[in-house]
>>> print(open('target_27.cif').read())   # mmCIF, C-alpha atoms
data_upload
loop_
_atom_site.label_atom_id
_atom_site.label_comp_id
_atom_site.auth_asym_id
_atom_site.auth_seq_id
_atom_site.Cartn_x
_atom_site.Cartn_y
_atom_site.Cartn_z
CA MET V 1 87.12 96.40 86.31
CA ASN V 2 85.62 95.52 89.62
CA GLU V 3 81.91 96.13 90.03
CA ASP V 4 82.17 98.16 93.20
CA GLN V 5 84.42 100.67 91.44
CA GLU V 6 81.61 101.54 89.11
CA MET V 7 79.54 103.70 91.42
CA LYS V 8 78.19 106.92 90.02
CA PRO V 9 78.73 110.25 91.77
CA LEU V 10 75.03 110.42 92.68
CA GLU V 11 75.20 107.02 94.32
CA ILE V 12 78.25 108.03 96.29
CA ASP V 13 76.42 111.21 97.36
CA ALA V 14 73.52 109.13 98.65
CA LEU V 15 75.81 106.93 100.74
CA THR V 16 77.62 110.02 102.02
CA GLU V 17 74.29 111.46 103.12
CA ALA V 18 73.45 108.22 104.90
CA GLY V 19 76.82 108.48 106.69
CA ASN V 20 76.03 112.09 107.70
CA ILE V 21 72.71 111.13 109.18
CA GLY V 22 74.04 108.05 110.95
CA ALA V 23 76.99 109.91 112.42
CA GLY V 24 74.76 112.85 113.36
CA HIS V 25 72.58 110.68 115.55
CA ALA V 26 75.63 108.97 117.03
CA ALA V 27 77.26 112.31 117.85
CA THR V 28 74.09 113.45 119.63
CA SER V 29 74.20 110.37 121.82
CA LEU V 30 77.90 110.92 122.52
CA SER V 31 77.14 114.55 123.48
CA LYS V 32 74.59 113.33 126.03
CA LEU V 33 76.98 110.77 127.42
CA LEU V 34 79.82 113.26 127.85
CA ARG V 35 77.61 116.29 128.61
CA GLU V 36 79.52 118.18 125.98
CA HIS V 37 78.55 119.27 122.49
CA ILE V 38 80.06 116.98 119.89
CA MET V 39 80.01 118.28 116.34
CA ASN V 40 80.18 116.41 113.11
CA SER V 41 82.12 117.73 110.23
CA SER V 42 81.32 116.58 106.74
CA THR V 43 81.36 113.01 105.57
CA GLN V 44 83.74 111.77 102.94
CA SER V 45 83.05 108.66 100.95
CA MET V 46 85.67 106.93 98.94
CA ILE V 47 86.19 103.69 97.15
CA ILE V 48 89.77 102.56 97.55
CA PRO V 49 91.69 99.30 97.36
CA ILE V 50 91.67 97.58 100.74
CA GLU V 51 95.46 97.86 101.12
CA GLN V 52 95.23 101.66 100.96
CA VAL V 53 92.76 102.04 103.83
CA PRO V 54 95.35 102.32 106.68
CA GLU V 55 97.13 105.14 104.80
CA ALA V 56 93.82 106.90 104.16
CA LEU V 57 93.24 106.92 107.93
CA GLY V 58 96.54 108.60 108.74
CA GLY V 59 99.05 105.76 108.54
CA ALA V 60 99.30 102.16 109.68
CA GLU V 61 101.42 102.88 112.77
CA ARG V 62 99.44 105.76 114.26
CA ILE V 63 97.99 104.81 117.66
CA ILE V 64 94.23 104.64 117.68
CA ALA V 65 91.36 103.17 119.68
CA GLY V 66 88.73 101.35 117.70
CA VAL V 67 85.32 100.04 118.61
CA TYR V 68 84.07 97.65 116.02
CA THR V 69 80.70 96.12 115.33
CA THR V 70 79.48 94.03 112.46
CA PHE V 71 75.95 93.97 111.14
CA GLU V 72 74.21 91.27 109.24
CA GLY V 73 70.89 90.57 107.61
CA GLU V 74 69.54 92.52 104.67
CA LEU V 75 72.44 94.89 105.12
CA SER V 76 75.88 93.59 106.05
CA GLY V 77 79.25 95.08 106.73
CA GLY V 78 81.30 96.61 109.49
CA LEU V 79 81.11 99.86 111.40
CA LEU V 80 83.91 101.39 113.45
CA MET V 81 84.21 104.30 115.80
CA LEU V 82 87.83 105.42 115.96
CA PHE V 83 89.57 107.75 118.40
CA PRO V 84 93.17 108.96 118.03
CA GLU V 85 95.54 108.49 120.97
CA ASP V 86 94.95 111.85 122.70
CA SER V 87 91.18 111.62 122.38
CA THR V 88 91.21 108.10 123.79
CA LYS V 89 93.06 109.38 126.84
CA THR V 90 90.58 112.25 127.26
CA LEU V 91 87.64 109.90 126.92
CA VAL V 92 88.92 107.38 129.45
CA LYS V 93 89.70 110.22 131.87
CA LEU V 94 86.25 111.79 131.47
CA LEU V 95 84.39 108.53 131.91
CA SER V 96 86.45 106.71 134.52
CA GLY V 97 88.24 109.57 136.27
CA LYS V 98 91.53 107.72 135.79
CA GLU V 99 94.45 108.36 133.48
CA LEU V 100 95.14 105.87 130.72
CA GLU V 101 98.73 104.75 131.18
CA GLY V 102 100.82 103.31 128.37
CA TYR V 103 99.31 101.33 125.56
CA GLU V 104 97.90 98.39 127.46
CA ILE V 105 94.20 98.87 128.11
CA THR V 106 92.61 97.01 130.99
CA ASP V 107 89.46 94.94 130.55
CA PHE V 108 87.60 97.71 132.33
CA GLU V 109 88.87 100.37 129.92
CA ALA V 110 88.11 98.11 126.98
CA SER V 111 84.54 97.61 128.18
CA LEU V 112 84.21 101.33 128.82
CA LEU V 113 85.24 102.11 125.24
CA SER V 114 83.02 99.30 123.95
CA GLU V 115 80.07 100.77 125.81
CA VAL V 116 80.62 104.24 124.36
CA GLY V 117 80.92 102.59 120.98
CA ASN V 118 77.86 100.46 121.57
CA ILE V 119 75.66 103.47 122.23
CA CYS V 120 77.01 105.54 119.34
CA LEU V 121 77.20 102.75 116.79
CA CYS V 122 73.65 101.62 117.57
CA TRP V 123 72.39 105.17 117.05
CA TYR V 124 74.29 105.34 113.78
CA LEU V 125 72.82 102.11 112.51
CA SER V 126 69.31 102.80 113.74
CA ALA V 127 69.30 106.14 111.89
CA ILE V 128 70.34 104.37 108.68
CA SER V 129 67.87 101.58 109.31
CA LYS V 130 65.00 104.11 109.61
CA MET V 131 66.20 106.05 106.61
CA ILE V 132 66.21 103.12 104.24
CA GLY V 133 63.46 101.14 105.89
CA ILE V 134 65.19 97.86 106.63
CA ASP V 135 66.22 96.17 109.83
CA ILE V 136 69.88 96.15 110.74
CA THR V 137 71.09 93.87 113.53
CA PRO V 138 74.45 94.84 115.00
CA SER V 139 76.73 92.46 116.91
CA VAL V 140 78.15 93.23 120.36
CA PRO V 141 80.96 95.75 119.77
CA VAL V 142 84.58 95.00 120.63
CA ALA V 143 87.41 97.41 121.41
CA ALA V 144 91.15 97.61 120.74
CA TYR V 145 93.84 100.24 121.30
CA ASP V 146 96.93 99.83 119.15
CA MET V 147 98.46 100.74 115.77
CA THR V 148 95.85 101.76 113.17
CA GLY V 149 96.82 98.94 110.83
CA ALA V 150 96.42 96.37 113.59
CA VAL V 151 93.10 97.77 114.83
CA ILE V 152 91.45 97.89 111.44
CA ASP V 153 92.87 94.78 109.81
CA LEU V 154 90.16 92.52 111.20
CA PRO V 155 87.35 94.68 109.78
CA LEU V 156 89.25 94.78 106.49
CA ILE V 157 89.72 91.01 106.58
CA GLU V 158 85.98 90.54 107.05
CA LEU V 159 85.32 92.81 104.08
CA GLY V 160 88.18 91.23 102.14
CA LYS V 161 86.32 87.93 102.06
CA VAL V 162 83.84 89.44 99.62
CA ALA V 163 85.60 92.45 98.09
CA ASP V 164 88.92 93.87 96.94
CA HIS V 165 87.87 97.47 97.30
CA ALA V 166 86.51 99.13 100.38
CA MET V 167 83.68 101.63 100.26
CA VAL V 168 84.72 103.86 103.12
CA ILE V 169 82.18 106.29 104.56
CA LYS V 170 84.11 108.47 107.00
CA THR V 171 82.62 111.14 109.26
CA ASN V 172 84.79 113.17 111.58
CA PHE V 173 83.53 114.46 114.92
CA LYS V 174 84.94 116.93 117.39
CA GLY V 175 84.23 118.02 120.94
CA GLU V 176 83.71 121.70 121.77
CA VAL V 177 85.53 121.74 125.10
CA HIS V 178 87.76 118.72 125.43
CA GLU V 179 89.94 117.18 122.84
CA ILE V 180 87.61 114.47 121.69
CA ASP V 181 87.81 113.91 118.02
CA GLY V 182 87.64 110.85 115.90
CA PHE V 183 85.62 109.35 113.17
CA PHE V 184 83.07 106.80 112.16
CA LEU V 185 83.99 104.39 109.46
CA MET V 186 81.36 102.39 107.68
CA LEU V 187 82.45 99.51 105.49
CA PRO V 188 79.41 98.08 103.73
CA GLU V 189 79.79 94.92 101.70
CA PRO V 190 79.37 95.35 97.92
CA GLU V 191 75.85 93.85 97.88
CA SER V 192 74.83 96.14 100.72
CA GLN V 193 76.17 99.22 98.93
CA LYS V 194 73.88 98.40 96.04
CA MET V 195 70.96 97.76 98.37
CA MET V 196 71.51 101.07 100.16
CA VAL V 197 71.71 102.99 96.92
CA LYS V 198 68.53 101.32 95.70
CA LYS V 199 66.62 101.97 98.92
CA LEU V 200 67.75 105.57 98.96
CA GLY V 201 65.98 105.90 95.63
CA VAL V 202 68.92 107.03 93.55
CA VAL V 203 68.57 104.42 90.83
CA MET B 1 121.43 103.47 100.64
CA GLU B 2 119.30 100.37 101.14
CA ARG B 3 115.74 100.57 99.93
CA ALA B 4 112.78 100.47 102.31
CA ILE B 5 110.01 98.56 100.61
CA HIS B 6 106.56 98.69 102.18
CA VAL B 7 104.37 95.65 101.82
CA GLY B 8 100.70 96.67 102.15
CA ILE B 9 97.80 94.42 103.06
CA ALA B 10 97.48 91.53 100.60
CA GLN B 11 100.68 92.50 98.80
CA ILE B 12 103.82 90.51 97.97
CA ARG B 13 107.27 92.00 97.44
CA VAL B 14 110.63 90.43 96.67
CA ALA B 15 113.98 92.21 96.69
CA GLU B 16 117.68 91.75 96.14
CA ASN B 17 120.13 92.87 98.80
CA PRO B 18 120.40 95.59 100.08
CA ALA B 19 116.78 96.22 101.00
CA ARG B 20 114.44 96.32 103.95
CA LEU B 21 111.03 94.74 103.50
CA ILE B 22 108.47 96.22 105.87
CA CYS B 23 104.94 95.41 107.05
CA LEU B 24 103.40 98.07 109.29
CA GLY B 25 100.60 97.57 111.79
CA LEU B 26 99.88 93.87 111.61
CA GLY B 27 96.93 92.75 113.69
CA SER B 28 95.29 89.52 112.65
CA CYS B 29 97.24 89.65 109.39
CA VAL B 30 100.45 87.64 109.13
CA ALA B 31 103.78 88.73 107.67
CA VAL B 32 105.66 85.92 105.95
CA ALA B 33 109.34 86.80 105.59
CA LEU B 34 111.42 84.51 103.38
CA TRP B 35 115.17 84.77 102.92
CA ASP B 36 117.74 82.88 100.91
CA SER B 37 121.12 83.12 102.65
CA SER B 38 123.08 82.11 99.53
CA THR B 39 121.84 84.95 97.30
CA LYS B 40 120.49 87.28 100.03
CA ILE B 41 117.23 87.55 98.15
CA GLY B 42 114.33 88.35 100.46
CA GLY B 43 110.58 88.27 100.12
CA MET B 44 107.62 89.32 102.20
CA ALA B 45 103.86 88.79 102.07
CA HIS B 46 101.18 90.53 104.14
CA VAL B 47 98.54 87.81 104.40
CA MET B 48 94.91 88.61 105.26
CA LEU B 49 93.05 85.33 104.99
CA PRO B 50 93.99 81.67 105.42
CA ASP B 51 92.88 79.94 102.32
CA SER B 52 92.22 80.92 98.70
CA SER B 53 89.47 78.29 98.45
CA ILE B 54 87.11 80.77 100.16
CA LYS B 55 87.59 83.18 97.27
CA ARG B 56 84.26 84.19 95.81
CA GLU B 57 83.37 84.68 92.18
CA GLY B 58 83.97 88.15 90.83
CA ILE B 59 86.83 88.99 93.14
CA LEU B 60 90.15 89.90 91.60
CA HIS B 61 92.77 87.22 91.88
CA LYS B 62 95.25 88.56 94.36
CA PRO B 63 97.61 85.82 95.50
CA GLY B 64 99.07 87.88 98.38
CA LYS B 65 95.72 87.96 100.13
CA TYR B 66 95.57 84.29 101.12
CA GLY B 67 98.13 82.26 103.10
CA ASP B 68 98.39 79.37 100.67
CA SER B 69 98.59 81.37 97.43
CA ALA B 70 100.86 84.02 98.97
CA VAL B 71 103.48 81.41 99.87
CA ASP B 72 103.26 79.81 96.40
CA GLU B 73 103.66 83.17 94.70
CA LEU B 74 106.41 84.43 97.02
CA ILE B 75 108.59 81.36 96.44
CA SER B 76 108.00 81.46 92.71
CA GLU B 77 108.88 85.19 92.53
CA MET B 78 112.04 84.65 94.59
CA LYS B 79 113.12 81.80 92.32
CA LYS B 80 112.54 83.99 89.26
CA MET B 81 114.90 86.52 90.84
CA GLY B 82 117.50 83.79 91.25
CA ALA B 83 116.89 82.47 94.75
CA ASN B 84 117.82 78.90 95.62
CA HIS B 85 114.68 77.14 96.83
CA LEU B 86 116.52 74.75 99.15
CA MET B 87 118.26 77.61 100.94
CA ILE B 88 115.08 79.59 101.70
CA ILE B 89 114.14 79.94 105.36
CA ALA B 90 111.00 81.50 106.80
CA LYS B 91 110.20 83.77 109.72
CA ILE B 92 106.62 84.65 110.49
CA ALA B 93 104.95 87.27 112.68
CA GLY B 94 101.44 88.53 113.38
CA GLY B 95 98.17 86.67 113.76
CA SER B 96 97.01 88.52 116.86
CA HIS B 97 93.61 88.51 118.40
CA MET B 98 93.21 92.27 118.63
CA PHE B 99 89.84 92.85 120.19
CA LYS B 100 89.66 92.51 123.94
CA ILE B 101 86.12 91.40 124.46
CA ALA B 102 85.24 88.18 122.75
CA SER B 103 82.38 88.26 120.33
CA PRO B 104 80.86 85.08 118.92
CA ASN B 105 80.62 86.78 115.53
CA ILE B 106 84.34 87.30 115.25
CA GLY B 107 86.38 84.13 115.02
CA ASP B 108 90.10 83.92 115.66
CA ILE B 109 91.19 84.61 112.11
CA GLY B 110 94.75 85.42 113.22
CA LYS B 111 95.31 81.88 114.46
CA LYS B 112 93.88 80.42 111.26
CA ASN B 113 96.16 82.64 109.19
CA VAL B 114 99.22 81.43 111.08
CA GLU B 115 98.23 77.79 110.68
CA ALA B 116 97.57 78.22 106.95
CA VAL B 117 100.95 79.89 106.41
CA ARG B 118 102.80 77.16 108.35
CA GLU B 119 101.03 74.50 106.32
CA ALA B 120 101.82 76.19 102.98
CA LEU B 121 105.50 76.58 103.90
CA LYS B 122 105.69 72.93 104.90
CA LYS B 123 104.30 71.96 101.51
CA HIS B 124 107.21 73.80 99.87
CA TYR B 125 109.77 72.31 102.29
CA VAL B 126 110.57 75.73 103.69
CA ARG B 127 111.57 75.65 107.33
CA VAL B 128 110.10 78.16 109.79
CA VAL B 129 113.18 79.10 111.83
CA ALA B 130 111.51 81.67 114.06
CA GLU B 131 108.11 83.10 114.76
CA ASP B 132 106.40 85.72 116.89
CA VAL B 133 102.69 85.07 116.57
CA GLY B 134 99.43 85.38 118.49
CA GLY B 135 98.81 87.53 121.54
CA SER B 136 96.70 90.66 121.55
CA SER B 137 99.06 93.36 120.25
CA GLY B 138 99.83 94.81 116.86
CA ARG B 139 103.25 94.46 115.30
CA SER B 140 105.41 96.15 112.68
CA VAL B 141 108.10 94.00 111.10
CA GLU B 142 111.17 94.63 109.00
CA LEU B 143 113.34 92.10 107.16
CA ASP B 144 116.95 93.05 106.51
CA THR B 145 118.06 91.25 103.35
CA ASP B 146 121.73 91.54 104.32
CA THR B 147 121.45 89.51 107.52
CA GLY B 148 118.06 87.80 107.23
CA LYS B 149 117.13 89.31 110.58
CA LEU B 150 113.52 90.16 111.24
CA ILE B 151 112.96 93.10 113.58
CA ILE B 152 109.60 93.17 115.33
CA LYS B 153 108.16 96.22 117.06
CA SER B 154 105.02 96.64 119.11
CA VAL B 155 103.41 99.63 120.82
CA HIS B 156 104.51 98.28 124.17
CA GLY B 157 108.01 99.48 123.37
CA GLY B 158 111.24 97.77 122.56
CA SER B 159 111.88 95.50 119.65
CA ARG B 160 112.56 91.84 119.25
CA ILE B 161 114.95 90.45 116.70
CA LEU B 162 114.27 87.08 115.15
#
>>> encode(input="target_27.cif", output="structure tokens")
Amino acid sequence: MNEDQEMKPLEIDALTEAGNIGAGHAATSLSKLLREHIMNSSTQSMIIPIEQVPEALGGAERIIAGVYTTFEGELSGGLLMLFPEDSTKTLVKLLSGKELEGYEITDFEASLLSEVGNICLCWYLSAISKMIGIDITPSVPVAAYDMTGAVIDLPLIELGKVADHAMVIKTNFKGEVHEIDGFFLMLPEPESQKMMVKKLGVV
Amino acid sequence: MERAIHVGIAQIRVAENPARLICLGLGSCVAVALWDSSTKIGGMAHVMLPDSSIKREGILHKPGKYGDSAVDELISEMKKMGANHLMIIAKIAGGSHMFKIASPNIGDIGKKNVEAVREALKKHYVRVVAEDVGGSSGRSVELDTDTGKLIIKSVHGGSRIL
């Protein structure tokens, strides 16, 4: 049995709560950016084998935009903000005034998505950092728009270096007016899961 | 009806004809498709990382995860099924650099995966007859065990046949 499969329900609850708080702050920042209320629905946490993650996100071939950042230091792992195809189009339209054509994103559109991600992901991480009282240093986020499997395989590869199972903390969000929905996906490394649980005072 | 067999991340599958071996949504991962024309036995691996030497303590041994061990295991499984080692050819696809803006924290793992797979195949005297690697797009691939053809699809439409 792998160690990271042995989390207790209480520990999973604590990580789920951390995901809620992180995503809550990120959604507030996205609301300000888009001048539209963005709501979070509940967070789901699951521990699944790495190969099952694309299916858990709606299938490996579904088109998605992903903004990805890694964080290192006392806490390490990956954090993604993911938008389905329609929401990506809405977002690009709202922010640039131009329609997103086809599946090739320009450097400008990639940097636009990265910037949205940058703001939201930093808010997410800073909320978690405050909550557990340790510094988290994120990297510069990067963006891709392609099949789900292709967008998330790099984050899974990074995690795969140190784990066989992924602790997936997934929070959906939704816009009130426009079709902007998507989710945050936090992939902490096994050591960081333990650290988070400990700092959250569950054990 | 031929069977469609999905090969998930870090998995290895071998099959007798008729079958289609499929990897969906490859980014930096690499699909290794092997085929023996004499027996029509096919095999596919969905490789995540270049080299099993980076494996850390306490991680399950999963040969399909690493380029070197995936090729070893794939050839051994195909031989167990009755494939003729000398007749096996390889086609590889994947190894993209998915994220548009370069970040110093993210190396080009796709390229390293491709190199590791090529090296491992060479060690087993398996010839790479065709490849579609690199670039910045995702791919889905499908090996037809009847013909040995590898169909490659990307979101930019159309498909290539190797």
>>> closest_residue(input="target_27.cif", among="B:Gly43, B:Pro50, B:Gly64, B:Gly134", to="Leu150 in chain B", atoms="all atoms listed in the file")
B:Gly43
>>> resolve_selection(input="target_27.cif", expression="the PyMOL selection byres ((chain V) within 6 of (chain B))", output="count of residues only")
11
>>> closest_residue(input="target_27.cif", among="V:Leu10, V:Leu121, V:Val92, V:Val67", to="Phe108 in chain V", atoms="all atoms listed in the file")
V:Val92
>>> resolve_selection(input="target_27.cif", expression="the PyMOL selection byres ((chain V and resi 141) around 6)", output="count of residues only")
6
>>> resolve_selection(input="target_27.cif", expression="the PyMOL selection byres ((chain V and resi 44) around 10)", output="list in words")
Ile12, Asp13, Leu15, Thr16, Glu17, Gly19, Asn20, Ser41, Ser42, Thr43, Ser45, Met46, Val168, Ile169, Lys170, Thr171, Asn172 and Leu185 of chain V
>>> residues_around(input="target_27.cif", residues="Lys199 in chain V", least_positions_apart="5", cutoff="9 Å", atoms="all atoms listed in the file", output="list in words")
Met131, Ile132, Gly133, Ile134 and Lys194 of chain V
>>> closest_atom_pairs(input="target_27.cif", of="range 124-170 of chain V", to="range 53-56 of chain V", cutoff="8 Å", atoms="all atoms listed in the file", output="Markdown table")
| residue | atom | partner | partner_atom | distance |
| --- | --- | --- | --- | --- |
| V:Thr148 | CA | V:Pro54 | CA | 6.5 |
| V:Gly149 | CA | V:Pro54 | CA | 5.6 |
| V:Ile152 | CA | V:Pro54 | CA | 7.6 |
| V:Ala166 | CA | V:Val53 | CA | 7.7 |
>>> closest_residue(input="target_27.cif", among="B:Arg3, B:Lys153, B:Arg127, B:Arg118", to="Gly67 in chain B", atoms="all atoms listed in the file")
B:Arg118
>>> atom_distance(input="target_27.cif", atom1="CA of Ala130 in chain B", atom2="CA of Glu115 in chain B")
14.2 Å
>>> closest_residue(input="target_27.cif", among="V:Pro190, V:Cys122, V:Val162, V:Gly59", to="Pro84 in chain V", atoms="all atoms listed in the file")
V:Gly59
>>> atom_distance(input="target_27.cif", atom1="CA of Asp72 in chain B", atom2="CA of Val126 in chain B")
11.1 Å
>>> residues_around(input="target_27.cif", residues="Leu162 in chain B", least_positions_apart="2", cutoff="10 Å", atoms="only C-alpha atoms", output="ChimeraX atom specification")
/B:91-93,129-132,143,148-152,159-160
>>> build_atoms(input="target_27.cif", residues="range 159-179 of chain V", atoms="N, CA and C atoms", output="PDB file, keeping the file's coordinate frame")
ATOM      1  N   LEU V 159      85.765  92.267 105.359  1.00  0.00           N
ATOM      2  CA  LEU V 159      85.320  92.810 104.080  1.00  0.00           C
ATOM      3  C   LEU V 159      86.057  92.141 102.925  1.00  0.00           C
ATOM      4  N   GLY V 160      87.331  91.831 103.169  1.00  0.00           N
ATOM      5  CA  GLY V 160      88.180  91.230 102.140  1.00  0.00           C
ATOM      6  C   GLY V 160      87.698  89.863 101.663  1.00  0.00           C
ATOM      7  N   LYS V 161      86.862  89.224 102.480  1.00  0.00           N
ATOM      8  CA  LYS V 161      86.320  87.930 102.060  1.00  0.00           C
ATOM      9  C   LYS V 161      85.418  88.098 100.838  1.00  0.00           C
ATOM     10  N   VAL V 162      84.792  89.252 100.713  1.00  0.00           N
ATOM     11  CA  VAL V 162      83.840  89.440  99.620  1.00  0.00           C
ATOM     12  C   VAL V 162      84.191  90.590  98.672  1.00  0.00           C
ATOM     13  N   ALA V 163      85.277  91.302  98.939  1.00  0.00           N
ATOM     14  CA  ALA V 163      85.600  92.450  98.090  1.00  0.00           C
ATOM     15  C   ALA V 163      87.094  92.725  98.067  1.00  0.00           C
ATOM     16  N   ASP V 164      87.540  93.422  97.026  1.00  0.00           N
ATOM     17  CA  ASP V 164      88.920  93.870  96.940  1.00  0.00           C
ATOM     18  C   ASP V 164      89.039  95.363  97.226  1.00  0.00           C
ATOM     19  N   HIS V 165      87.904  96.043  97.035  1.00  0.00           N
ATOM     20  CA  HIS V 165      87.870  97.470  97.300  1.00  0.00           C
ATOM     21  C   HIS V 165      86.992  97.734  98.506  1.00  0.00           C
ATOM     22  N   ALA V 166      87.325  98.768  99.236  1.00  0.00           N
ATOM     23  CA  ALA V 166      86.510  99.130 100.380  1.00  0.00           C
ATOM     24  C   ALA V 166      85.759 100.412 100.055  1.00  0.00           C
ATOM     25  N   MET V 167      84.455 100.402 100.310  1.00  0.00           N
ATOM     26  CA  MET V 167      83.680 101.630 100.260  1.00  0.00           C
ATOM     27  C   MET V 167      83.776 102.189 101.664  1.00  0.00           C
ATOM     28  N   VAL V 168      84.471 103.294 101.799  1.00  0.00           N
ATOM     29  CA  VAL V 168      84.720 103.860 103.120  1.00  0.00           C
ATOM     30  C   VAL V 168      83.879 105.110 103.291  1.00  0.00           C
ATOM     31  N   ILE V 169      82.997 105.105 104.278  1.00  0.00           N
ATOM     32  CA  ILE V 169      82.180 106.290 104.560  1.00  0.00           C
ATOM     33  C   ILE V 169      82.670 106.835 105.899  1.00  0.00           C
ATOM     34  N   LYS V 170      83.387 107.966 105.834  1.00  0.00           N
ATOM     35  CA  LYS V 170      84.110 108.470 107.000  1.00  0.00           C
ATOM     36  C   LYS V 170      83.554 109.807 107.454  1.00  0.00           C
ATOM     37  N   THR V 171      83.127 109.875 108.715  1.00  0.00           N
ATOM     38  CA  THR V 171      82.620 111.140 109.260  1.00  0.00           C
ATOM     39  C   THR V 171      83.434 111.522 110.482  1.00  0.00           C
ATOM     40  N   ASN V 172      84.027 112.695 110.431  1.00  0.00           N
ATOM     41  CA  ASN V 172      84.790 113.170 111.580  1.00  0.00           C
ATOM     42  C   ASN V 172      83.876 113.814 112.611  1.00  0.00           C
ATOM     43  N   PHE V 173      84.256 113.721 113.890  1.00  0.00           N
ATOM     44  CA  PHE V 173      83.530 114.460 114.920  1.00  0.00           C
ATOM     45  C   PHE V 173      84.528 115.123 115.848  1.00  0.00           C
ATOM     46  N   LYS V 174      84.042 116.149 116.555  1.00  0.00           N
ATOM     47  CA  LYS V 174      84.940 116.930 117.390  1.00  0.00           C
ATOM     48  C   LYS V 174      84.201 117.488 118.589  1.00  0.00           C
ATOM     49  N   GLY V 175      84.842 117.454 119.738  1.00  0.00           N
ATOM     50  CA  GLY V 175      84.230 118.020 120.940  1.00  0.00           C
ATOM     51  C   GLY V 175      84.472 119.513 121.008  1.00  0.00           C
ATOM     52  N   GLU V 176      83.556 120.238 121.693  1.00  0.00           N
ATOM     53  CA  GLU V 176      83.710 121.700 121.770  1.00  0.00           C
ATOM     54  C   GLU V 176      84.692 122.105 122.859  1.00  0.00           C
ATOM     55  N   VAL V 177      84.699 121.365 123.964  1.00  0.00           N
ATOM     56  CA  VAL V 177      85.530 121.740 125.100  1.00  0.00           C
ATOM     57  C   VAL V 177      86.800 120.895 125.166  1.00  0.00           C
ATOM     58  N   HIS V 178      86.602 119.597 125.304  1.00  0.00           N
ATOM     59  CA  HIS V 178      87.760 118.720 125.430  1.00  0.00           C
ATOM     60  C   HIS V 178      88.231 118.247 124.074  1.00  0.00           C
ATOM     61  N   GLU V 179      89.432 117.720 124.082  1.00  0.00           N
ATOM     62  CA  GLU V 179      89.940 117.180 122.840  1.00  0.00           C
ATOM     63  C   GLU V 179      89.356 115.774 122.638  1.00  0.00           C
TER      64      GLU V 179
END
